[in-house]
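**Q** One structure coming up, written as structure tokens, with questions to follow.
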Amino acid sequence: MKSGLITSIARSLMVARFKQTLVAAIGVTFSITMFVALLGFMNGLNIMLDSLVINRTPHIRLYNDIKPNPDQPVGRVQAFAGSYNIIRSLKPNASRESIYNNEAIMNTLRADKRVLGVAPKITSRVFFNVGATDMLGIVNGVDVEEENHLFRFSDYVTSGNFTDLKNVANSIILGKGAADRMLAEIGDVIQATTSQGNRVQLKVVGYFQSGLGELDNVQCYASIGTVQKMTGQPASYITDIQVKLHHLEMAPALAKEYGAVFGVDADDIQTVNAQFETGTGVRSMISYAVGITLLVVSGFGIYNILNMMIYEKMDTIAILKATGFSGGDVNRIFTTIAVSIGIVGGAAGILLGFLVCLGIERIPFETEALPTIKTFPVDFNPKYYAIAGVFSLVTTYFAGFFPARKASAVDPVDIIRGK
Amino acid sequence: MTMEQPPVLEAQGITKYFYSPEKTKVLKGVSFRVHRGEFVSVAGKSGCGKSTLLYILSTMDTDYEGKLLIEQQLVTGRRPDDLARIRNEKIGFVFQFHYLLNEFSVLENVMIPALKLGKLSREEIEHRAMEKLRIFDMHQHALKKANQLSGGQKQRVAITRALINDPLIIMGDEPTGNLDKKNSETVFNIFKELAGTFHQTMLVVTHDPEFAAGTDRTIVMEDGNIIDDLTNSNLP
């Protein structure tokens with residue numbers, strides 16, 4: 001009942017100053033709209049740019065690194081135990097690149113509930129023989145179906161059909177940059193020399209374009225069988241096991257665990273791609289800063305309008321106090337006005353922001369570098385809408401705080417005697 | 001005649017200073033009592049401190065020395081929220097200027113103090129407000145906005161508002177000061193009627209000798225002191 005009275009007085013004051021109230025609410029609406037649109041667009045871009053790398057990168061990669069043996073013979077000599085042994089000109093040993101017992105490892109990983117999927121891979125360096133010149137290339141032998149399932153392989157095969165890699169013998173999908181340089185068209189047969197010296201003929205069945213130019217100049221794909229045949233290795237030869245997890249954040253811990261259990265090197269995505277995380281963080285920070293600045297500016301607008309309203313309504317405040325309204329009641333009236341402006345302006349802003357995001361999402365955005373993107377990417381994460389809602393309430397509350405306090409401190413005697 | 005009854009309002013040695021432009025003693029230990037049903041006027045020249053005294057008695061001005069008792073309860077030094085409640089429940093105000101809220105209708109203006117008190121339901125308050133408006137022949141204007149009324153009508157609504165919570169005492173600060181002769185008479189007659197028919201306790205500050213002469217008792221002030229306390233013999 002009492003709060004109803006305060007609300008109805010607040011409403012009457014707002015109706016009496018409808019234009020100013022509207023302007024204040026529009027200020028909030030505008031800033032919330034911009035906040036939502038800016039964050040949605042910025043994070044849409046962030047997610048897209050990150051996914052360029054993250055979609056194509058395994059969360060954990062198991063492989064045998066080429067490095068010197070950490071157990072050198074001198075370490076085993078009892079006489080030198082407890083001494084510092086310094087060995088110069090140490091060379092990596094001829095350890096095998098292939099992962100030992102990889103079939104069993106893959107089966108164990110597939111049974112692990114934390115793992116989304118496992119894809120084997122062979123990386124092999126080759127020279128493409130184009131006329132008189134040789135061009136360096138890296139041929140990735142992949143399990144076509146797993147690769148597509150885990151790393152959206154088909155998204156990046158811009159021409160040709162990726163399943164041909166499995167169905168056509170001795171086939172290859174060339175990086176777009178590499179294909180352009182070789183002037184190789186789909187259906188052409190190209191010649192390559194492997195690092196073992198074998199010459200092979202490969203049929204081009206498609207182009208691959210990741211959006212990262214440097215990668216597309218060298219990266220090519222073939223089936224695992226084709227690469228094993230090219231390099232003259234047996235069917236058990238696998239150099240990499242790529243693991244994708246259900247939760248990206250678990251990668252560092254699990255990489256450590258798998259490295260120890262399987263006795264191989266294990267890299268996690270966070271360590272390998274730390275710079276992407278940083279970039280994303282900085283970009284979101286900037287968009288939050290701009291958004292919050294907009295809100296603070298609209299807060300000053302509300303502050304001004306409320307202050308003006310209080311000067312105009314001194315008589316009203318005085319008589320309310322004379323007839324028994326306490327300072328707290330008057331404070332609540334003006335706080336109610338401020339927060340109502342926040343609620344109405346904020347709700348309209350959230351709605352408008354959503355519409356602006358829908359609009360941005362329809363703007364065509366086509367670029368050579370990003371084959372999978374046709375329109376601007378926008379992130380519709382409800383988190384931004386929630387933050388915008390909370391911030392619109394908080395800023396309007398604080399914008400109303402000082403004027404309301406001033407109103408509650410008005411001395412009715414001063415006003416009434418002044419007449 | 002009512003001396004054996006406890007006083008409704010009692011001032012004990014009220015002293016007040018003004019600090020700007022320099023420290024001036026405006027009230028010099030004013031003491032008096034108002035009893036139930038009395039219609040008291042405070043008269044005196046402009047600047048004698050009579051309005052200042054009224055605002056102290058009304059609990060709105062708390063910066064004074066001395067004691068103020070309402071219904072024998074000490075009011076001096078109470079918390080602002082308590083004072084607001086006392087004003088809401090026990091005191092009705094009529095000022096020189098009407099102070100109606102232009103955003104609200106006449107009826108709502110009258111209802112607001114009662115809604116604030118919150119003792120009755122909205123329907124009951126509305127009913128009471130209409131009854132009170134009818135006493136002053138203002139009921140046909142109930143749904144008009146306050147700024148659509150004439151000066152005399154506004155003051156009648158302001159008096160109705162002062163009465164809505166059946167206050168212990170009505171305080172007036174030059175209630176006819178802003179009105180022409182005809183409207184002054186109307187308002188004065190209303191006060192007379194309230195005193196005569198409803199035995200409403202009233203304390204009115206006025207510089208109009210005619211108005212003062214029409215009340216039961218006149219307290220005359222000069223330079224912050226009470227110099228005379230007259231019982232007027234009015235023929236009904």
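Going by the structure tokens order, chains are called A, B, ..., each with residues numbered from 1, while ligands are numbered from 1 in the order shown.
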So that I can check the surroundings of segment 113-126 of chain A, please list as an mmCIF file with C-alpha atoms, in the first residue's frame every protein, DNA and RNA residue that reaches within 6 Å of it, counting only C-alpha atoms and ignoring chain neighbours fewer than 3 positions away.

**A**
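Saved result, part_24.cif, follows:
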```cif
data_model
loop_
_atom_site.group_PDB
_atom_site.id
_atom_site.type_symbol
_atom_site.label_atom_id
_atom_site.label_comp_id
_atom_site.auth_asym_id
_atom_site.auth_seq_id
_atom_site.Cartn_x
_atom_site.Cartn_y
_atom_site.Cartn_z
ATOM 1 C CA GLY A 137 54.900 -29.107 -49.084
ATOM 2 C CA ILE A 138 53.590 -30.901 -46.053
ATOM 3 C CA VAL A 139 51.260 -33.782 -46.711
ATOM 4 C CA ASN A 140 49.016 -34.653 -43.800
ATOM 5 C CA GLY A 141 47.765 -38.206 -43.862
ATOM 6 C CA VAL A 142 44.394 -38.132 -42.143
ATOM 7 C CA GLU A 146 37.391 -38.603 -38.083
ATOM 8 C CA THR A 193 59.220 -36.540 -54.002
ATOM 9 C CA THR A 194 59.158 -37.704 -50.399
ATOM 10 C CA SER A 195 61.961 -37.150 -47.934
ATOM 11 C CA ILE A 238 51.223 -43.042 -37.194
ATOM 12 C CA THR A 239 53.170 -39.920 -36.163
ATOM 13 C CA ASP A 240 50.450 -37.941 -34.393
ATOM 14 C CA ILE A 241 47.380 -38.734 -32.381
ATOM 15 C CA GLN A 242 45.027 -35.774 -32.211
ATOM 16 C CA VAL A 243 42.660 -35.701 -29.269
ATOM 17 C CA LYS A 244 39.606 -33.516 -28.957
ATOM 18 C CA LEU A 245 38.061 -33.164 -25.509
ATOM 19 C CA HIS A 246 34.584 -32.321 -24.316
#
```

**Q** Which chain A residues are at most 10 Å from chain B (counting only C-alpha atoms), as number ranges by chain?

**A** A: 1-6, 9, 11-17, 313, 315-329, 411-414, 416-417, 419

**Q** Go ahead and compute the interatomic distance for atom CA of Ser8 of chain A and atom CA of Ile333 of chain A, in Å to one decimal.

**A**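 Going from atom CA of Ser8 of chain A over to atom CA of Ile333 of chain A covers 9.0 Å.
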
**Q** Give me the residues of segment 80-169 of chain A that have any atom at most 12 Å from an atom of segment 251-265 of chain A; for each, the nearest atom pair and the distance in Å, rounded to one decimal. Use only C-alpha atoms, sort by chain and number, and format it as JSON lines.

**A**
```
{"residue": "A:Ser95", "atom": "CA", "partner": "A:Val264", "partner_atom": "CA", "distance": 11.8}
{"residue": "A:Arg96", "atom": "CA", "partner": "A:Val264", "partner_atom": "CA", "distance": 11.5}
{"residue": "A:Glu97", "atom": "CA", "partner": "A:Val264", "partner_atom": "CA", "distance": 10.5}
{"residue": "A:Ser98", "atom": "CA", "partner": "A:Val264", "partner_atom": "CA", "distance": 10.3}
{"residue": "A:Ile99", "atom": "CA", "partner": "A:Val264", "partner_atom": "CA", "distance": 7.6}
{"residue": "A:Tyr100", "atom": "CA", "partner": "A:Val264", "partner_atom": "CA", "distance": 8.9}
{"residue": "A:Asn101", "atom": "CA", "partner": "A:Phe262", "partner_atom": "CA", "distance": 9.3}
{"residue": "A:Asn102", "atom": "CA", "partner": "A:Phe262", "partner_atom": "CA", "distance": 9.4}
{"residue": "A:Glu103", "atom": "CA", "partner": "A:Phe262", "partner_atom": "CA", "distance": 11.9}
{"residue": "A:Ala104", "atom": "CA", "partner": "A:Phe262", "partner_atom": "CA", "distance": 10.0}
{"residue": "A:Ile105", "atom": "CA", "partner": "A:Phe262", "partner_atom": "CA", "distance": 7.2}
{"residue": "A:Met106", "atom": "CA", "partner": "A:Phe262", "partner_atom": "CA", "distance": 10.5}
{"residue": "A:Thr108", "atom": "CA", "partner": "A:Phe262", "partner_atom": "CA", "distance": 10.1}
{"residue": "A:Leu109", "atom": "CA", "partner": "A:Tyr258", "partner_atom": "CA", "distance": 9.0}
{"residue": "A:Asp112", "atom": "CA", "partner": "A:Leu254", "partner_atom": "CA", "distance": 11.0}
{"residue": "A:Arg114", "atom": "CA", "partner": "A:Leu254", "partner_atom": "CA", "distance": 9.2}
{"residue": "A:Val115", "atom": "CA", "partner": "A:Leu254", "partner_atom": "CA", "distance": 9.8}
{"residue": "A:Leu116", "atom": "CA", "partner": "A:Ala251", "partner_atom": "CA", "distance": 11.9}
```

**Q** DSSP on the backbone: which residues in segment 169-221 of chain B end up as strand (DSSP E or B)? Give the answer as a count of residues only.

**A** 15

**Q** DSSP on the backbone: which residues in segment 362-401 of chain A end up as alpha helix (DSSP H)? Give the answer as an MDAnalysis selection string.

**A** chainID A and resid 362 382:401

**Q** Grab the atom CA of Ala212 of chain B to atom CA of Ala43 of chain B distance for me, in Å with one decimal place.

**A**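 Separating atom CA of Ala212 of chain B from atom CA of Ala43 of chain B is a distance of 6.7 Å.
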
**Q** Which residues, written as number ranges by chain, have at least one atom at most 8 Å from Arg156 of chain B, with only C-alpha atoms counted and residues fewer than 3 positions away on the same chain left out?

**A** B: 136, 138, 152-153, 159-160, 187

**Q** Need the shell around Gly175 of chain A: protein/DNA/RNA residues with any atom at most 7 Å away, counting only C-alpha atoms. Skip same-chain ones fewer than 3 positions apart. Format as a list in words?

**A**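 Residues meeting the cut-off are Ala178, Ala179, Tyr207, Phe208, Gln209, Asp216, Asn217, Val218, Gln219 and Cys220 of chain A.
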
**Q** Could those residues be written to a file, using N, CA and C atoms, as a short mmCIF file (atom, residue, chain, number, x, y, z; two decimals), in the first residue's frame?

**A**
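selection_10.cif written:
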```cif
data_model
loop_
_atom_site.label_atom_id
_atom_site.label_comp_id
_atom_site.auth_asym_id
_atom_site.auth_seq_id
_atom_site.Cartn_x
_atom_site.Cartn_y
_atom_site.Cartn_z
N ALA A 178 49.11 -23.45 -52.56
CA ALA A 178 50.01 -24.39 -53.25
C ALA A 178 49.46 -24.72 -54.63
N ALA A 179 48.14 -24.96 -54.70
CA ALA A 179 47.53 -25.32 -55.99
C ALA A 179 47.67 -24.18 -56.99
N TYR A 207 40.56 -28.60 -53.29
CA TYR A 207 41.39 -27.55 -52.71
C TYR A 207 41.00 -27.35 -51.26
N PHE A 208 42.01 -27.01 -50.50
CA PHE A 208 41.80 -26.79 -49.07
C PHE A 208 42.16 -25.33 -48.77
N GLN A 209 41.27 -24.64 -48.06
CA GLN A 209 41.55 -23.24 -47.72
C GLN A 209 41.16 -22.98 -46.27
N ASP A 216 47.99 -22.38 -46.09
CA ASP A 216 47.44 -22.87 -47.35
C ASP A 216 48.50 -23.00 -48.44
N ASN A 217 49.65 -22.35 -48.25
CA ASN A 217 50.72 -22.47 -49.25
C ASN A 217 51.45 -23.80 -49.16
N VAL A 218 51.40 -24.44 -48.00
CA VAL A 218 52.17 -25.68 -47.84
C VAL A 218 51.33 -26.89 -47.44
N GLN A 219 50.23 -26.67 -46.73
CA GLN A 219 49.49 -27.81 -46.19
C GLN A 219 48.67 -28.51 -47.27
N CYS A 220 48.80 -29.82 -47.34
CA CYS A 220 47.99 -30.64 -48.24
C CYS A 220 47.50 -31.85 -47.46
#
```

**Q** Need the shell around Gly224 of chain B: protein/DNA/RNA residues with any atom at most 9 Å away, counting only C-alpha atoms. Skip same-chain ones fewer than 2 positions apart. Format as a ChimeraX atom specification?

**A** /B:15-16,25-30,47-50,53,221-222,226

**Q** Selection from above, C-alpha atoms, as a short mmCIF file (atom, residue, chain, number, x, y, z; two decimals), in the first residue's frame, can you write it?

**A**
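Saved file part-v5.cif follows:
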```cif
data_model
loop_
_atom_site.label_atom_id
_atom_site.label_comp_id
_atom_site.auth_asym_id
_atom_site.auth_seq_id
_atom_site.Cartn_x
_atom_site.Cartn_y
_atom_site.Cartn_z
CA THR B 15 14.20 29.93 22.10
CA LYS B 16 15.41 30.21 18.54
CA LYS B 25 17.51 35.79 18.94
CA VAL B 26 14.10 35.58 17.25
CA LEU B 27 12.23 33.72 19.97
CA LYS B 28 13.04 34.49 23.58
CA GLY B 29 11.74 31.64 25.70
CA VAL B 30 8.13 31.39 24.54
CA GLY B 47 8.97 39.84 11.91
CA CYS B 48 7.83 39.29 15.49
CA GLY B 49 8.65 35.57 15.20
CA LYS B 50 5.12 34.19 15.03
CA LEU B 53 7.20 29.72 16.32
CA MET B 221 3.67 38.51 20.10
CA GLU B 222 6.29 41.21 19.80
CA ILE B 226 4.41 36.86 24.15
#
```

**Q** So that I can see what lies close to segment 32-42 of chain B, please list as a PyMOL selection string the residues with an atom at most 8 Å from it, counting only C-alpha atoms and leaving out residues fewer than 4 positions away in the same chain.

**A** chain B and resi 2-3+5-12+50+195+199-206+212+215-221

**Q** Could you tell me how far atom CA of Glu131 of chain B lies from atom CA of Ile164 of chain B, in Å and to one decimal?

**A** 9.8 Å

**Q** Report the closest atom pair, with its distance in Å rounded to one decimal, for each residue of segment 199-277 of chain A that has an atom no farther than 12 Å from segment 31-51 of chain A; count only C-alpha atoms, sort by chain and then rising residue number, and write it as JSON lines.

**A**
```
{"residue": "A:Ser210", "atom": "CA", "partner": "A:Ser51", "partner_atom": "CA", "distance": 10.6}
{"residue": "A:Gly211", "atom": "CA", "partner": "A:Leu49", "partner_atom": "CA", "distance": 9.6}
{"residue": "A:Leu212", "atom": "CA", "partner": "A:Leu49", "partner_atom": "CA", "distance": 10.3}
{"residue": "A:Ile269", "atom": "CA", "partner": "A:Asp50", "partner_atom": "CA", "distance": 11.8}
{"residue": "A:Asn273", "atom": "CA", "partner": "A:Asp50", "partner_atom": "CA", "distance": 9.7}
{"residue": "A:Ala274", "atom": "CA", "partner": "A:Asp50", "partner_atom": "CA", "distance": 11.2}
{"residue": "A:Gln275", "atom": "CA", "partner": "A:Asp50", "partner_atom": "CA", "distance": 10.3}
{"residue": "A:Phe276", "atom": "CA", "partner": "A:Asp50", "partner_atom": "CA", "distance": 6.6}
{"residue": "A:Glu277", "atom": "CA", "partner": "A:Asp50", "partner_atom": "CA", "distance": 8.1}
```
